[in-house]
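Structure file final-v6.cif (mmCIF, C-alpha atoms and all ligand atoms) is printed below.
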data_input
loop_
_atom_site.label_atom_id
_atom_site.label_comp_id
_atom_site.auth_asym_id
_atom_site.auth_seq_id
_atom_site.Cartn_x
_atom_site.Cartn_y
_atom_site.Cartn_z
CA MET A 110 58.23 101.13 79.86
CA ASN A 111 61.78 100.43 78.70
CA THR A 112 63.97 100.00 81.75
CA ASN A 113 66.82 98.20 80.02
CA GLY A 114 68.85 101.23 78.98
CA ASN A 115 71.07 103.34 81.18
CA LYS A 116 68.69 106.29 81.30
CA ARG A 117 65.91 106.41 83.81
CA PRO A 118 62.65 107.09 81.91
CA ASP A 119 61.10 110.43 82.91
CA ASP A 120 57.81 108.71 83.75
CA MET A 121 59.36 105.99 85.93
CA GLN A 122 57.57 105.96 89.26
CA ARG A 123 59.66 106.27 92.42
CA ILE A 124 59.54 103.10 94.50
CA THR A 125 58.37 104.29 97.89
CA THR A 126 56.00 101.56 99.16
CA PRO A 127 56.10 97.78 99.64
CA GLU A 128 53.44 97.41 96.91
CA LEU A 129 55.56 99.31 94.38
CA ALA A 130 58.59 97.31 95.49
CA ASN A 131 56.74 94.03 94.96
CA ALA A 132 55.69 95.10 91.46
CA PHE A 133 59.31 96.02 90.68
CA ILE A 134 60.53 92.67 92.05
CA GLU A 135 58.03 90.74 89.93
CA GLU A 136 59.04 92.63 86.79
CA LYS A 137 62.77 92.21 87.43
CA VAL A 138 62.46 88.50 88.26
CA ALA A 139 60.73 87.95 84.90
CA GLU A 140 63.37 90.03 83.10
CA ILE A 141 66.25 88.19 84.76
CA LYS A 142 64.70 84.80 83.87
CA ALA A 143 64.31 85.92 80.26
CA GLN A 144 67.87 87.25 80.05
CA VAL A 145 69.64 84.40 81.83
CA GLY A 146 67.53 81.30 81.09
CA ASP A 147 69.34 78.27 82.53
CA GLY A 148 72.66 80.13 82.58
CA LYS A 149 74.84 80.72 85.63
CA VAL A 150 75.43 84.17 87.10
CA LEU A 151 78.34 85.29 89.25
CA LEU A 152 78.07 88.07 91.83
CA ALA A 153 80.62 89.70 94.13
CA LEU A 154 78.58 89.94 97.31
CA SER A 155 80.09 92.40 99.78
CA GLY A 156 77.08 92.48 102.09
CA GLY A 157 76.44 96.14 101.33
CA VAL A 158 72.90 97.21 100.45
CA ASP A 159 73.27 97.19 96.67
CA SER A 160 74.96 93.82 96.18
CA SER A 161 72.70 92.25 98.84
CA VAL A 162 69.54 93.42 97.08
CA VAL A 163 70.85 92.16 93.73
CA ALA A 164 71.67 88.81 95.34
CA ALA A 165 68.20 88.49 96.87
CA LEU A 166 66.54 89.39 93.54
CA LEU A 167 68.61 86.85 91.62
CA ILE A 168 68.05 84.13 94.22
CA ARG A 169 64.34 84.67 93.74
CA ALA A 170 64.71 84.51 89.95
CA ILE A 171 67.23 81.71 89.41
CA GLY A 172 68.02 80.15 92.82
CA LYS A 173 71.24 78.14 92.85
CA ASN A 174 72.23 79.29 89.37
CA LEU A 175 73.42 82.42 91.09
CA VAL A 176 76.93 81.98 92.49
CA CYS A 177 77.66 84.59 95.16
CA VAL A 178 81.29 85.19 96.01
CA HIS A 179 81.96 86.88 99.35
CA VAL A 180 85.57 87.95 99.74
CA ASN A 181 86.56 88.55 103.34
CA HIS A 182 89.58 90.83 102.97
CA GLY A 183 89.93 91.35 106.70
CA LEU A 184 88.87 94.99 106.45
CA LEU A 185 85.16 94.48 107.10
CA ARG A 186 83.33 95.59 110.22
CA LYS A 187 82.78 93.27 113.15
CA GLY A 188 80.13 90.66 112.35
CA GLU A 189 79.76 91.48 108.64
CA PRO A 190 81.21 88.33 107.04
CA GLU A 191 79.21 86.22 109.52
CA GLN A 192 76.02 88.10 108.63
CA VAL A 193 76.53 87.49 104.90
CA VAL A 194 76.86 83.74 105.54
CA GLU A 195 73.91 83.70 107.94
CA VAL A 196 71.51 85.65 105.69
CA PHE A 197 72.44 84.25 102.30
CA ARG A 198 73.63 80.70 102.95
CA ASN A 199 71.59 79.76 106.02
CA GLN A 200 68.38 81.76 105.52
CA MET A 201 68.12 82.16 101.74
CA ASP A 202 69.85 78.87 100.85
CA ALA A 203 72.06 80.64 98.32
CA ASN A 204 74.98 79.18 96.47
CA LEU A 205 77.63 81.16 98.38
CA VAL A 206 81.37 80.87 98.02
CA TYR A 207 83.05 82.33 101.10
CA VAL A 208 86.65 83.29 100.49
CA ASP A 209 88.85 83.87 103.52
CA ALA A 210 91.46 86.18 101.99
CA VAL A 211 92.43 87.93 105.22
CA ASP A 212 96.07 86.80 105.34
CA ARG A 213 96.50 87.46 101.67
CA PHE A 214 95.31 91.07 101.86
CA LEU A 215 97.14 91.86 105.06
CA SER A 216 100.44 90.53 103.76
CA LYS A 217 100.07 92.57 100.52
CA LEU A 218 99.44 95.66 102.66
CA GLU A 219 102.30 95.06 105.05
CA GLY A 220 104.45 98.17 105.46
CA VAL A 221 102.35 100.23 103.00
CA ALA A 222 101.54 103.59 104.60
CA GLU A 223 100.46 105.81 101.68
CA PRO A 224 96.62 106.00 101.54
CA GLU A 225 96.21 105.90 97.74
CA GLN A 226 98.69 103.05 97.51
CA LYS A 227 96.68 101.14 100.13
CA ARG A 228 93.48 101.74 98.12
CA LYS A 229 95.14 100.52 94.89
CA ILE A 230 96.42 97.36 96.54
CA ILE A 231 93.04 96.55 98.09
CA GLY A 232 91.19 97.21 94.80
CA ALA A 233 93.64 95.23 92.66
CA GLU A 234 93.82 92.32 95.09
CA PHE A 235 90.03 92.19 95.25
CA ILE A 236 89.84 91.80 91.48
CA ARG A 237 92.55 89.12 91.56
CA VAL A 238 90.77 87.06 94.23
CA PHE A 239 87.43 87.42 92.46
CA GLU A 240 89.01 86.45 89.14
CA GLU A 241 90.46 83.27 90.67
CA GLU A 242 87.04 82.31 91.99
CA ALA A 243 85.43 83.13 88.63
CA ARG A 244 87.87 80.81 86.86
CA LYS A 245 86.98 77.96 89.21
CA GLN A 246 83.34 78.17 88.21
CA GLU A 247 82.22 76.31 85.09
CA GLY A 248 79.75 77.59 82.54
CA VAL A 249 79.25 81.10 83.92
CA ASP A 250 78.21 83.56 81.24
CA PHE A 251 76.78 86.38 83.32
CA LEU A 252 78.09 88.80 85.92
CA ALA A 253 75.62 90.56 88.21
CA GLN A 254 76.52 93.93 89.68
CA GLY A 255 74.93 96.21 92.23
CA THR A 256 75.24 99.28 90.05
CA ILE A 257 72.69 101.92 91.09
CA TYR A 258 71.57 105.07 89.28
CA PRO A 259 73.94 107.49 91.07
CA ASP A 260 76.84 105.24 89.93
CA ILE A 261 75.72 105.74 86.34
CA LEU A 262 75.26 109.48 86.84
CA GLU A 263 78.69 109.85 88.44
CA SER A 264 80.49 106.97 86.75
CA GLY A 265 84.19 106.88 87.36
CA THR A 266 83.93 108.15 90.93
CA VAL A 267 84.82 106.70 94.29
CA LYS A 268 82.83 103.55 93.84
CA ALA A 269 84.55 102.47 90.63
CA HIS A 270 86.66 99.77 92.21
CA HIS A 271 83.64 98.29 93.96
CA ASN A 272 82.28 97.14 90.68
CA VAL A 273 84.32 94.37 89.20
CA GLY A 274 85.24 96.39 86.13
CA GLY A 275 88.90 95.40 86.07
CA LEU A 276 88.53 91.75 85.11
CA PRO A 277 90.86 90.46 82.36
CA GLU A 278 89.76 90.49 78.72
CA ASP A 279 89.32 86.72 78.44
CA LEU A 280 86.77 86.73 81.26
CA LYS A 281 83.95 88.27 79.28
CA PHE A 282 80.56 88.26 80.91
CA GLU A 283 77.20 89.64 79.96
CA LEU A 284 76.14 92.05 82.70
CA VAL A 285 73.03 91.69 84.83
CA GLU A 286 72.30 94.97 86.63
CA PRO A 287 68.73 94.83 87.91
CA VAL A 288 68.85 97.93 90.17
CA LYS A 289 70.82 100.22 87.90
CA LEU A 290 67.97 102.70 87.47
CA LEU A 291 67.16 102.94 91.17
CA PHE A 292 68.20 105.52 93.73
CA LYS A 293 69.52 104.36 97.09
CA ASP A 294 66.26 104.93 98.98
CA GLU A 295 64.42 102.81 96.39
CA VAL A 296 67.00 100.03 96.66
CA ARG A 297 66.34 99.99 100.41
CA VAL A 298 62.55 99.70 99.91
CA VAL A 299 63.12 96.80 97.51
CA GLY A 300 65.56 95.17 99.94
CA LYS A 301 63.00 95.35 102.71
CA ALA A 302 60.34 93.79 100.45
CA LEU A 303 62.77 90.99 99.62
CA GLY A 304 63.03 90.16 103.32
CA LEU A 305 66.57 91.36 103.99
CA PRO A 306 67.28 92.33 107.63
CA ASP A 307 67.11 96.02 108.59
CA SER A 308 70.75 95.98 109.64
CA MET A 309 71.64 95.22 106.01
CA VAL A 310 69.01 97.43 104.34
CA TYR A 311 69.60 100.59 106.41
CA ARG A 312 73.33 100.23 106.79
CA GLN A 313 75.46 103.39 106.67
CA PRO A 314 77.81 103.88 103.71
CA PHE A 315 81.03 101.91 103.99
CA PRO A 316 84.02 102.58 101.73
CA GLY A 317 85.36 99.82 99.47
CA PRO A 318 88.77 99.79 101.24
CA GLY A 319 86.82 99.43 104.48
CA LEU A 320 88.61 99.62 107.80
CA GLY A 321 91.87 99.72 105.85
CA VAL A 322 91.68 103.51 105.53
CA ARG A 323 90.68 103.87 109.19
CA CYS A 324 93.74 102.04 110.47
CA LEU A 325 96.05 104.93 109.59
CA GLY A 326 99.42 104.40 107.96
CA ALA A 327 100.80 100.89 107.59
CA ILE A 328 98.09 98.45 108.76
CA THR A 329 98.93 96.13 111.63
CA ARG A 330 96.67 93.38 112.92
CA ASP A 331 96.56 94.72 116.46
CA ARG A 332 95.55 98.23 115.40
CA LEU A 333 93.05 96.82 112.90
CA GLU A 334 91.38 94.95 115.77
CA MET A 335 91.28 98.21 117.75
CA VAL A 336 89.45 99.88 114.84
CA ARG A 337 87.04 96.95 114.50
CA GLU A 338 86.26 96.65 118.21
CA SER A 339 85.91 100.40 118.85
CA ASP A 340 83.69 100.74 115.75
CA ALA A 341 81.46 97.94 117.07
CA ILE A 342 81.08 99.73 120.43
CA LEU A 343 80.29 103.04 118.70
CA ARG A 344 77.65 101.36 116.52
CA GLU A 345 76.15 99.54 119.47
CA GLU A 346 75.87 102.74 121.52
CA PHE A 347 74.49 104.76 118.60
CA ALA A 348 71.86 102.08 117.96
CA ALA A 349 70.87 101.92 121.63
CA ASN A 350 70.53 105.71 121.85
CA GLY A 351 68.55 106.49 118.70
CA PHE A 352 71.46 107.76 116.58
CA GLU A 353 71.62 104.85 114.16
CA GLY A 354 69.24 106.09 111.50
CA LYS A 355 69.84 109.74 112.36
CA VAL A 356 73.54 110.15 111.58
CA TRP A 357 74.73 109.63 108.02
CA GLN A 358 78.10 108.09 108.75
CA TYR A 359 79.92 107.31 111.99
CA PHE A 360 83.03 105.29 112.66
CA THR A 361 86.33 105.15 114.52
CA ILE A 362 89.90 105.66 113.43
CA VAL A 363 93.15 104.46 115.01
CA PRO A 364 96.30 106.46 114.24
CA ASP A 365 99.81 105.06 114.08
CA PHE A 366 101.19 106.88 117.10
CA LYS A 367 100.82 106.33 120.84
CA SER A 368 100.11 108.62 123.76
CA VAL A 369 100.85 108.41 127.45
CA GLY A 370 98.11 107.48 129.89
CA VAL A 371 97.66 105.93 133.30
CA ARG A 372 95.79 102.80 134.41
CA ASP A 373 95.70 101.22 137.86
CA GLY A 374 98.35 103.68 138.99
CA LYS A 375 100.73 102.64 136.23
CA ARG A 376 101.90 104.61 133.20
CA THR A 377 100.60 103.34 129.85
CA PHE A 378 101.83 104.11 126.35
CA GLU A 379 98.97 103.10 124.05
CA ARG A 380 96.82 104.10 121.08
CA PRO A 381 94.16 106.78 120.86
CA VAL A 382 90.83 106.14 119.12
CA ILE A 383 89.25 108.95 117.11
CA ILE A 384 85.45 109.10 116.74
CA ARG A 385 83.92 110.66 113.64
CA ALA A 386 80.17 111.22 113.14
CA VAL A 387 78.98 113.35 110.23
CA ASN A 388 75.91 114.32 108.26
CA THR A 389 75.82 115.12 104.57
CA THR A 390 73.52 114.87 101.61
CA ASP A 391 76.05 114.24 98.85
CA ALA A 392 79.35 113.47 100.70
CA MET A 393 80.92 116.55 99.05
CA THR A 394 80.48 118.62 102.22
CA ALA A 395 79.68 117.37 105.71
CA GLU A 396 78.76 118.69 109.15
CA VAL A 397 79.75 117.17 112.45
CA GLU A 398 76.93 115.58 114.43
CA GLU A 399 76.44 117.24 117.83
CA VAL A 400 76.53 114.05 119.85
CA PRO A 401 75.55 114.73 123.49
CA TYR A 402 78.50 114.74 125.89
CA PRO A 403 77.06 112.06 128.21
CA LEU A 404 76.84 109.64 125.28
CA LEU A 405 80.34 110.53 124.04
CA LYS A 406 81.74 110.06 127.53
CA ARG A 407 80.03 106.69 127.86
CA ILE A 408 81.43 105.55 124.52
CA ALA A 409 84.92 106.78 125.52
CA ALA A 410 84.69 104.92 128.83
CA ARG A 411 83.59 101.71 127.13
CA ILE A 412 86.27 101.86 124.43
CA THR A 413 89.10 102.47 126.90
CA ALA A 414 87.78 99.73 129.19
CA GLU A 415 86.95 97.13 126.54
CA VAL A 416 89.45 97.55 123.71
CA PRO A 417 92.93 96.30 124.58
CA GLY A 418 95.72 98.74 123.78
CA VAL A 419 93.58 101.90 123.83
CA ASN A 420 94.07 104.54 126.54
CA ARG A 421 92.44 107.65 125.05
CA VAL A 422 89.41 108.65 122.93
CA VAL A 423 88.94 111.92 121.04
CA TYR A 424 86.06 113.34 118.99
CA ASP A 425 86.76 114.88 115.59
CA LEU A 426 85.04 118.29 115.35
CA THR A 427 86.10 119.08 111.79
CA ALA A 428 83.59 119.79 109.04
CA LYS A 429 84.21 118.89 105.39
CA PRO A 430 85.84 121.08 104.12
CA PRO A 431 88.49 121.54 105.35
CA GLY A 432 88.58 117.90 106.57
CA THR A 433 87.42 114.94 104.51
CA ILE A 434 85.02 112.41 106.00
CA GLU A 435 87.63 109.65 106.12
CA TRP A 436 91.07 110.38 107.54
CA GLU A 437 92.89 108.81 104.60
P1 LIG A 501 85.81 111.62 101.91
O1 LIG A 501 86.76 111.01 102.89
O2 LIG A 501 86.42 111.79 100.55
O3 LIG A 501 84.63 110.56 101.75
O4 LIG A 501 85.20 112.89 102.40
C1 LIG A 501 83.41 110.79 101.07
C2 LIG A 501 82.62 109.48 101.08
O5 LIG A 501 83.26 108.52 100.27
C3 LIG A 501 83.60 107.38 101.04
N1 LIG A 501 84.92 106.93 100.56
C4 LIG A 501 85.10 105.88 99.76
N2 LIG A 501 84.22 104.99 99.22
N3 LIG A 501 86.03 103.88 98.19
C5 LIG A 501 84.71 103.97 98.45
O6 LIG A 501 83.94 103.15 97.99
C6 LIG A 501 86.98 104.72 98.67
O7 LIG A 501 88.16 104.59 98.42
C7 LIG A 501 86.46 105.78 99.50
N4 LIG A 501 87.07 106.79 100.16
C8 LIG A 501 86.09 107.50 100.80
C9 LIG A 501 83.62 107.84 102.48
O8 LIG A 501 83.38 106.76 103.38
C10 LIG A 501 82.52 108.86 102.47
O9 LIG A 501 81.25 108.24 102.57
#

Could you write out this structure as structure tokens?
Ligand code: XMP
Amino acid sequence: MNTNGNKRPDDMQRITTPELANAFIEEKVAEIKAQVGDGKVLLALSGGVDSSVVAALLIRAIGKNLVCVHVNHGLLRKGEPEQVVEVFRNQMDANLVYVDAVDRFLSKLEGVAEPEQKRKIIGAEFIRVFEEEARKQEGVDFLAQGTIYPDILESGTVKAHHNVGGLPEDLKFELVEPVKLLFKDEVRVVGKALGLPDSMVYRQPFPGPGLGVRCLGAITRDRLEMVRESDAILREEFAANGFEGKVWQYFTIVPDFKSVGVRDGKRTFERPVIIRAVNTTDAMTAEVEEVPYPLLKRIAARITAEVPGVNRVVYDLTAKPPGTIEWE
């Protein structure tokens, strides 16, 4: 079966079991070895499902000839950069370049309040950081990407800036895209068979600009921490109460205004946190998850008690349309 083109063959079997995943892995490992030989391959490893599965496949095929670059732009969820280092460097012994670009991104974003402008800055800066790392590497001829079949079907959509398509002309690489004919559920089955942790394989979708579009308006470090900490509490509570695999996407948002509250008998003037939890099949429309009140109240109590600077929590009841899933 020819699985090198960009069209999924009609007779290609869906990968639904560990056995089918293992057969796919064996086939792809052989293909990657044949394509790359002793060459070096570069990969932007975000820690999302697709790039993680591609990394694990390439590590199996070519080991240290894969150079993974993880750019921490400061807009990742709590614990994500640490997990990438733990899984890929410590457990899989990968050749991982960890780039701490937090200050760089946050200073570029300083004072920028317009959502599309924020997205452009994050996307452009990502390419610049990755390009700098690519230039430091010697003898790299290949670029691996976590393109999946829906990306090909809907090319040019929201995910475009995720893929490192904006590299300068003189950095020409041959592409290695081992999961480009797979659907998301198949990528997850393959990831599981490759030994990646469930928290990576079954992770909810996360936008390229990350927490940057959930810290509304001009990003500040203190509000960004409020987003990160409240999101971590929401995820923890959803996981503990059986909502983790049930709800399609759930996260918190911190706006750029304050509201009045009271704590220990004293007036406060602090930030609200907005909780959003939605279900969808294609992200074009979405319904709000009917989270039980006791759980919502518990999450609200924890966020106001544990996240400094937050005195109020609200739940977003808006479907898409008329709302969008993200607030920016
Ligand atoms: P909206 O907010 O448009 O979101 O209803 C639909 C889905 O797309 C994700 N999203 C993005 N993903 N880059 C991405 O990679 C982006 O700029 C971006 N904006 C929104 C959002 O999280 C939701 O899953």

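Coordinates place atom CA of A:Cys324 at a distance of 14.5 Å from atom CA of A:Ala341.
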
List as a short mmCIF file (atom, residue, chain, number, x, y, z; two decimals) with C-alpha atoms, in the coordinates of the input the protein and nucleic acid residues lying within 10 Å of ligand LIG 501 (chain A), with all atoms listed in the file counted.
data_model
loop_
_atom_site.label_atom_id
_atom_site.label_comp_id
_atom_site.auth_asym_id
_atom_site.auth_seq_id
_atom_site.Cartn_x
_atom_site.Cartn_y
_atom_site.Cartn_z
CA PRO A 224 96.62 106.00 101.54
CA GLU A 225 96.21 105.90 97.74
CA LYS A 227 96.68 101.14 100.13
CA ARG A 228 93.48 101.74 98.12
CA LYS A 229 95.14 100.52 94.89
CA ILE A 231 93.04 96.55 98.09
CA GLY A 232 91.19 97.21 94.80
CA THR A 266 83.93 108.15 90.93
CA VAL A 267 84.82 106.70 94.29
CA LYS A 268 82.83 103.55 93.84
CA ALA A 269 84.55 102.47 90.63
CA HIS A 270 86.66 99.77 92.21
CA HIS A 271 83.64 98.29 93.96
CA ASN A 272 82.28 97.14 90.68
CA GLN A 313 75.46 103.39 106.67
CA PRO A 314 77.81 103.88 103.71
CA PHE A 315 81.03 101.91 103.99
CA PRO A 316 84.02 102.58 101.73
CA GLY A 317 85.36 99.82 99.47
CA PRO A 318 88.77 99.79 101.24
CA GLY A 319 86.82 99.43 104.48
CA LEU A 320 88.61 99.62 107.80
CA GLY A 321 91.87 99.72 105.85
CA VAL A 322 91.68 103.51 105.53
CA ARG A 323 90.68 103.87 109.19
CA TRP A 357 74.73 109.63 108.02
CA GLN A 358 78.10 108.09 108.75
CA TYR A 359 79.92 107.31 111.99
CA PHE A 360 83.03 105.29 112.66
CA VAL A 387 78.98 113.35 110.23
CA ASN A 388 75.91 114.32 108.26
CA THR A 389 75.82 115.12 104.57
CA ASP A 391 76.05 114.24 98.85
CA ALA A 392 79.35 113.47 100.70
CA MET A 393 80.92 116.55 99.05
CA THR A 394 80.48 118.62 102.22
CA ALA A 395 79.68 117.37 105.71
CA ALA A 428 83.59 119.79 109.04
CA LYS A 429 84.21 118.89 105.39
CA PRO A 430 85.84 121.08 104.12
CA PRO A 431 88.49 121.54 105.35
CA GLY A 432 88.58 117.90 106.57
CA THR A 433 87.42 114.94 104.51
CA ILE A 434 85.02 112.41 106.00
CA GLU A 435 87.63 109.65 106.12
CA TRP A 436 91.07 110.38 107.54
CA GLU A 437 92.89 108.81 104.60
#

Set the distance at 12 Å and use all atoms listed in the file: which residues neighbour A:Asp212 once local chain neighbours fewer than 6 positions away are removed? I'd like the list as a PyMOL selection string. chain A and resi 180-184+218-219+234+329-330

Selection near A:Ala349, 12 Å with all atoms listed in the file, sequence-local residues under 5 positions removed, as a PyMOL selection string: chain A and resi 342-344+354+404+408

What's around stretch 410-413 of chain A at 6 Å? Count all atoms listed in the file, leave out sequence neighbours fewer than 6 positions away in its own chain, and write the answer as a list in words. Ser339, Val419 and Asn420 of chain A

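All residues of protein, DNA or RNA that reach within 9 Å of A:Asp147, judged by all atoms listed in the file and not counting those fewer than 4 positions away in the chain, are Lys142, Ile171 and Asn174 of chain A.
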
With all atoms listed in the file as the atoms that count, which of A:Ile383, A:Val310, A:Ile328, A:Ala203 lies nearest to A:Asp340? A:Ile383

One decimal place gives the atom CA of A:Ala130-atom CA of A:Val299 separation as 5.0 Å

How many Å lie between atom CA of A:Met309 and atom CA of A:Gly188, rounded to one decimal? 11.5 Å

Check the smallest atom-to-atom distance from each of A:Phe239, A:Phe352, A:Phe366, A:Phe251 to A:Pro401 using all atoms listed in the file, then report the winner. A:Phe352
